[in-house]
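This is my_file.txt. It holds compact mmCIF, C-alpha atoms and all ligand atoms.
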# COMPACT_ATOMS: atom_id res chain seq x y z
CA MET A 25 -6.88 7.56 23.46
CA GLU A 26 -3.79 6.88 21.35
CA SER A 27 -1.90 5.04 24.08
CA ASP A 28 -2.88 1.57 22.92
CA VAL A 29 -1.52 2.10 19.40
CA LEU A 30 1.20 -0.48 18.79
CA THR A 31 2.93 1.36 15.98
CA THR A 32 2.59 3.98 13.26
CA LEU A 33 3.18 2.73 9.74
CA LYS A 34 3.89 4.55 6.49
CA ILE A 35 2.06 2.94 3.56
CA LEU A 36 2.41 4.07 -0.06
CA ILE A 37 0.08 3.54 -3.00
CA ILE A 38 1.76 3.50 -6.42
CA GLY A 39 0.90 2.54 -9.99
CA GLU A 40 -0.13 4.02 -13.35
CA SER A 41 -2.54 6.93 -13.63
CA GLY A 42 -6.21 5.95 -13.63
CA VAL A 43 -5.82 2.48 -12.07
CA GLY A 44 -7.78 3.60 -9.00
CA LYS A 45 -5.16 4.39 -6.34
CA SER A 46 -7.07 7.38 -4.90
CA SER A 47 -10.34 5.48 -5.21
CA LEU A 48 -8.96 2.56 -3.16
CA LEU A 49 -7.71 5.01 -0.53
CA LEU A 50 -11.03 6.88 -0.33
CA ARG A 51 -12.97 3.62 -0.20
CA PHE A 52 -10.79 2.30 2.61
CA VAL A 53 -10.62 5.48 4.72
CA ASP A 54 -13.96 7.21 4.07
CA ASN A 55 -16.00 4.39 2.48
CA THR A 56 -16.84 6.62 -0.50
CA PHE A 57 -16.48 6.19 -4.27
CA ASP A 58 -16.60 8.79 -7.04
CA ASN A 59 -17.14 7.71 -10.67
CA ASP A 60 -15.44 10.97 -11.70
CA GLN A 61 -12.51 10.88 -9.29
CA PRO A 62 -10.08 13.61 -10.45
CA ALA A 63 -6.43 12.75 -11.17
CA THR A 64 -4.13 13.32 -8.20
CA ILE A 65 -1.77 16.27 -8.44
CA GLY A 66 1.34 15.86 -6.29
CA VAL A 67 0.73 13.78 -3.18
CA ASP A 68 -2.34 13.09 -1.07
CA PHE A 69 -2.25 11.78 2.49
CA LYS A 70 -4.74 10.16 4.86
CA VAL A 71 -4.58 8.60 8.33
CA LYS A 72 -6.56 5.61 9.56
CA THR A 73 -6.22 3.42 12.64
CA ILE A 74 -6.95 -0.27 12.19
CA THR A 75 -6.79 -3.35 14.41
CA VAL A 76 -5.21 -6.48 12.97
CA ASP A 77 -4.88 -9.66 15.08
CA GLY A 78 -5.62 -7.56 18.18
CA ASN A 79 -2.83 -5.09 17.34
CA LYS A 80 -3.80 -1.48 16.78
CA ALA A 81 -1.79 0.26 14.05
CA LYS A 82 -2.03 3.86 12.92
CA LEU A 83 -1.59 4.04 9.17
CA ALA A 84 -0.28 7.11 7.38
CA ILE A 85 -1.30 6.34 3.79
CA TRP A 86 0.34 8.30 0.98
CA ASP A 87 -1.24 8.44 -2.46
CA THR A 88 0.77 9.85 -5.33
CA ALA A 89 0.01 10.95 -8.88
CA GLY A 90 0.46 8.25 -11.50
CA GLN A 91 0.93 10.92 -14.17
CA GLU A 92 4.58 11.80 -14.60
CA ARG A 93 3.90 15.55 -15.01
CA PHE A 94 2.07 15.68 -11.66
CA ARG A 95 4.74 13.75 -9.75
CA THR A 96 6.95 15.61 -7.30
CA LEU A 97 9.25 14.84 -4.35
CA THR A 98 9.75 11.22 -5.35
CA PRO A 99 12.64 10.26 -3.01
CA SER A 100 10.98 11.76 0.09
CA TYR A 101 7.72 10.05 -0.83
CA TYR A 102 9.40 6.65 -0.58
CA ARG A 103 11.56 7.34 2.49
CA ASN A 104 10.86 5.16 5.55
CA ALA A 105 7.85 3.41 4.04
CA GLN A 106 7.13 0.02 5.60
CA GLY A 107 4.51 -1.08 3.10
CA VAL A 108 3.62 -0.46 -0.53
CA ILE A 109 0.42 -1.13 -2.44
CA LEU A 110 1.16 -1.46 -6.17
CA VAL A 111 -2.02 -1.15 -8.21
CA TYR A 112 -2.92 -2.10 -11.80
CA ASP A 113 -6.23 -2.11 -13.65
CA VAL A 114 -7.40 -5.64 -14.60
CA ALA A 115 -9.22 -4.11 -17.60
CA LYS A 116 -6.08 -2.37 -18.93
CA LYS A 117 -3.21 -4.66 -19.85
CA ASP A 118 -0.76 -1.75 -20.31
CA THR A 119 -1.05 -0.86 -16.60
CA PHE A 120 -0.05 -4.46 -15.81
CA MET A 121 2.88 -4.28 -18.28
CA ARG A 122 4.19 -1.18 -16.44
CA LEU A 123 4.43 -2.92 -13.07
CA GLU A 124 8.14 -3.72 -13.53
CA ASN A 125 8.89 -0.01 -13.93
CA TRP A 126 7.15 0.76 -10.65
CA LEU A 127 9.13 -1.96 -8.92
CA ASN A 128 12.34 -0.46 -10.34
CA GLU A 129 11.40 2.97 -9.03
CA LEU A 130 10.65 1.42 -5.64
CA ALA A 131 14.03 -0.34 -5.60
CA THR A 132 15.75 2.95 -6.46
CA PHE A 133 14.13 5.14 -3.83
CA ALA A 134 12.94 2.98 -0.92
CA ASN A 135 15.45 2.84 1.92
CA ARG A 136 14.17 -0.32 3.65
CA ASN A 137 14.94 -3.50 1.73
CA ASN A 138 12.48 -5.61 3.74
CA LEU A 139 9.42 -3.45 3.11
CA VAL A 140 6.24 -5.41 2.41
CA LYS A 141 4.65 -5.21 -1.04
CA MET A 142 1.02 -5.90 -1.94
CA LEU A 143 -0.06 -6.18 -5.59
CA VAL A 144 -3.67 -5.14 -6.18
CA GLY A 145 -5.54 -5.89 -9.41
CA ASN A 146 -8.28 -3.25 -9.22
CA LYS A 147 -11.60 -2.76 -11.09
CA ILE A 148 -12.72 -6.41 -11.04
CA ASP A 149 -16.28 -5.10 -11.40
CA CYS A 150 -15.41 -4.26 -15.04
CA THR A 151 -16.61 -6.86 -17.53
CA ASP A 152 -13.91 -6.18 -20.16
CA ARG A 153 -11.04 -7.83 -18.30
CA GLU A 154 -7.59 -7.95 -19.98
CA VAL A 155 -5.51 -9.48 -17.17
CA THR A 156 -6.48 -12.83 -15.63
CA ARG A 157 -6.31 -13.49 -11.91
CA ASP A 158 -3.67 -16.12 -12.59
CA GLU A 159 -1.40 -13.65 -14.43
CA GLY A 160 -1.60 -11.28 -11.48
CA LEU A 161 -0.90 -14.05 -9.00
CA ARG A 162 2.14 -15.30 -10.96
CA PHE A 163 3.61 -11.78 -11.21
CA ALA A 164 3.16 -11.30 -7.47
CA ARG A 165 4.81 -14.64 -6.65
CA ARG A 166 7.76 -13.92 -8.93
CA HIS A 167 8.37 -10.60 -7.16
CA HIS A 168 7.67 -11.79 -3.61
CA MET A 169 4.54 -9.72 -3.18
CA LEU A 170 1.19 -10.36 -1.54
CA PHE A 171 -1.68 -10.37 -4.03
CA ILE A 172 -5.36 -9.56 -4.11
CA GLU A 173 -7.94 -8.54 -6.68
CA ALA A 174 -10.27 -5.72 -5.67
CA SER A 175 -12.83 -3.15 -6.69
CA ALA A 176 -12.88 0.31 -5.18
CA LYS A 177 -16.32 0.66 -6.75
CA THR A 178 -17.98 -2.36 -5.10
CA ASN A 179 -15.61 -2.42 -2.06
CA GLU A 180 -14.60 -6.03 -2.77
CA GLY A 181 -11.15 -6.87 -1.40
CA VAL A 182 -10.30 -3.31 -0.32
CA LYS A 183 -10.20 -3.79 3.46
CA THR A 184 -8.47 -7.16 3.09
CA ALA A 185 -5.70 -5.61 0.96
CA PHE A 186 -4.78 -3.13 3.70
CA GLU A 187 -5.26 -5.63 6.54
CA GLU A 188 -3.07 -8.34 5.00
CA LEU A 189 -0.35 -5.80 4.27
CA VAL A 190 -0.37 -4.53 7.85
CA GLU A 191 -0.47 -8.07 9.25
CA LYS A 192 2.66 -8.97 7.25
CA ILE A 193 4.47 -5.76 8.30
CA ILE A 194 3.76 -6.48 11.99
CA GLN A 195 5.08 -10.04 11.51
CA THR A 196 8.34 -8.73 10.00
CA PRO A 197 11.00 -8.27 12.70
CA GLY A 198 12.79 -4.94 12.68
CA LEU A 199 10.49 -3.30 10.12
CA TRP A 200 8.37 -1.35 12.57
CA GLU A 201 8.97 0.38 15.88
CA ALA A 202 6.92 0.07 19.03
CA ALA A 203 4.95 3.16 20.03
CA GLY A 204 5.71 4.73 23.40
CA PRO A 205 3.07 5.20 26.14
CA ASP A 206 1.89 8.42 24.51
CA GLY A 207 1.58 6.83 21.07
CA ILE A 208 4.85 8.30 19.74
CA ALA A 209 7.03 5.75 17.97
CA LEU A 210 10.26 5.09 19.87
CA SER A 211 13.44 5.61 17.90
CA SER A 212 15.13 2.37 18.97
CA GLY A 213 13.29 -0.43 17.24
CA GLY A 214 13.93 -4.16 17.49
CA GLN A 215 13.35 -4.64 21.21
CA GLN A 216 10.18 -6.57 20.42
CA GLN A 217 12.14 -9.37 18.79
CA PRO A 218 15.00 -10.42 21.07
CA GLN A 219 15.37 -13.65 19.11
CA ALA A 220 16.32 -11.58 16.06
CA SER A 221 19.45 -10.26 17.77
CA GLY A 222 22.71 -11.45 16.31
CA GLY A 223 24.58 -11.01 19.61
CA CYS A 224 25.72 -13.64 22.12
CA SER A 225 22.86 -14.98 24.25
CA CYS A 226 25.01 -16.06 27.25
N1 LIG A 301 -15.36 0.54 -12.51
C1 LIG A 301 -14.45 0.95 -11.66
N2 LIG A 301 -13.92 2.18 -11.77
C2 LIG A 301 -12.98 2.56 -10.86
C3 LIG A 301 -12.55 1.72 -9.83
N3 LIG A 301 -11.60 2.39 -9.11
C4 LIG A 301 -11.48 3.58 -9.68
N4 LIG A 301 -12.30 3.71 -10.74
C5 LIG A 301 -12.44 4.86 -11.63
O1 LIG A 301 -11.22 5.01 -12.36
C6 LIG A 301 -10.91 6.40 -12.54
C7 LIG A 301 -9.51 6.70 -12.01
O2 LIG A 301 -9.50 6.49 -10.60
P1 LIG A 301 -8.45 7.22 -9.62
O3 LIG A 301 -8.70 6.70 -8.27
O4 LIG A 301 -8.49 8.69 -9.81
O5 LIG A 301 -7.07 6.66 -10.22
P2 LIG A 301 -5.59 7.03 -9.73
O6 LIG A 301 -4.81 5.77 -9.83
O7 LIG A 301 -5.64 7.69 -8.40
O8 LIG A 301 -5.10 8.05 -10.85
P3 LIG A 301 -3.96 9.21 -10.70
O9 LIG A 301 -4.31 10.04 -9.53
O10 LIG A 301 -4.00 9.98 -11.99
O11 LIG A 301 -2.65 8.50 -10.55
C8 LIG A 301 -12.02 7.19 -11.84
O12 LIG A 301 -12.97 7.58 -12.80
C9 LIG A 301 -12.64 6.19 -10.87
O13 LIG A 301 -14.00 6.43 -10.62
C10 LIG A 301 -13.13 0.41 -9.72
O14 LIG A 301 -12.82 -0.41 -8.86
N5 LIG A 301 -14.06 0.10 -10.68
MG MG A 302 -5.07 9.53 -7.77

Could the structure of this file be written out as structure tokens, please?
Amino acid sequence: MESDVLTTLKILIIGESGVGKSSLLLRFVDNTFDNDQPATIGVDFKVKTITVDGNKAKLAIWDTAGQERFRTLTPSYYRNAQGVILVYDVAKKDTFMRLENWLNELATFANRNNLVKMLVGNKIDCTDREVTRDEGLRFARRHHMLFIEASAKTNEGVKTAFEELVEKIIQTPGLWEAAGPDGIALSSGGQQQPQASGGCSC
């Protein structure tokens, strides 16, 4: 039964090629990991329902190609997203240095200015680390993002990354819309947060 789903959320995964975006998605949704995960061509898409703080949310998770030549449909990819997972590889400093570019792309194409951002430092199972936890944390703080380190390979931090993102989205007034009795999201959002209304309360 879908009727108890609170809301449907669009979540994006972005970042440089090879940082492990598809691997994080496959680990989270299917609990699998492939050492030879092929590069994504175009856009991939998976759905998973999770319960956070007793609220059931249906996640539509979009995974795009990090490689420029495989990237298509960029504006429509970003449209109406409520949450973004920005990934870098802790063992590859250049993927960390490119984070600003991804944030610029997000600012250009995303049409919700209050969308929630989660920075994920992936591949912490690798021994040849080039980015410290503290560097990641400071970048996230500076750009008002949530932060976690993870490994799609060992599964460390993966579930928490998605759960904390969804928790924050649900706590953000006006960002999501309540689902109707049949699980379809209603078009008029905001009725969940009467205190957020700017109108007269008399
Ligand atoms: N050691 C280790 N390897 C990982 C981890 N996550 C992904 N990989 C490996 O890194 C490579 C790239 O992973 P992908 O998930 O394809 O990376 P991507 O970000 O989706 O890349 P694009 O689709 O090209 O944008 C693959 O060989 C994965 O097996 C991890 O946490 N640890
Ligand atoms: Mg991929």

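Comparing A:Arg157, A:Lys177, A:Arg103, A:Arg93 by their smallest distance to Ser46 of chain A, the closest is A:Lys177 (using only C-alpha atoms).
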
Q: Would you list the residues that come within 9 Å of ligand LIG 301 (chain A)? Count only C-alpha atoms and all ligand atoms and give the answer as an MDAnalysis selection string.
A: chainID A and resid 37:50 57:67 87:92 94 111:113 146:150 174:180

Each residue of segment 53-114 of chain A with at least one atom at most 7 Å from segment 186-196 of chain A should appear once, together with its nearest atom pair and the corresponding distance in Å (one decimal); atoms considered: all atoms listed in the file; ordering: chain, then increasing residue number; output as CSV.
residue,atom,partner,partner_atom,distance
A:Val76,CA,A:Glu191,CA,6.2
A:Gln106,CA,A:Ile193,CA,6.9
A:Gly107,CA,A:Leu189,CA,6.9

(Q) Between A:Thr98, A:Leu110, A:Trp200, A:Arg153, which residue has the minimum interatomic distance to Thr31 of chain A, considering only C-alpha atoms? (A) A:Trp200

Q: Extract, using all atoms listed in the file, all DNA, RNA and protein residues at most 8 Å from Trp86 of chain A, discarding same-chain residues fewer than 6 positions from it, and format them as a PyMOL selection string.
A: chain A and resi 34-37+67-70+101

Return as JSON the box centre and box size in Å, one decimal, for an axis-aligned box around all listed atoms of segment 173-177 of chain A padded by 4 Å per side.
{"center_x": -12.1, "center_y": -3.9, "center_z": -6.0, "size_x": 16.4, "size_y": 17.2, "size_z": 9.6}

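Picture a line from atom CA of Glu124 of chain A to atom CA of Asp152 of chain A; it runs 23.2 Å.
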
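Interatomic distance, atom CA of Phe120 of chain A to atom CA of Ile172 of chain A: 13.8 Å.
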
Q | For Leu139 of chain A, the nearest of the candidates A:His168, A:Lys80, A:Arg51, A:Arg95, counting only C-alpha atoms | A | A:His168

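For the choices A:Met142, A:Leu30, A:Leu199, A:Val114, the atom-to-atom distance to Phe171 of chain A is smallest for A:Met142 when using all atoms listed in the file.
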
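Here atom CA of Glu201 of chain A stands at a distance of 16.4 Å from atom CA of Ile74 of chain A.
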
Q: Skip Lys117 of chain A itself and residues of its chain fewer than 4 positions away, then list as number ranges by chain all residues within 7 Å of it, counting all atoms listed in the file.
A: A: 121, 154-155
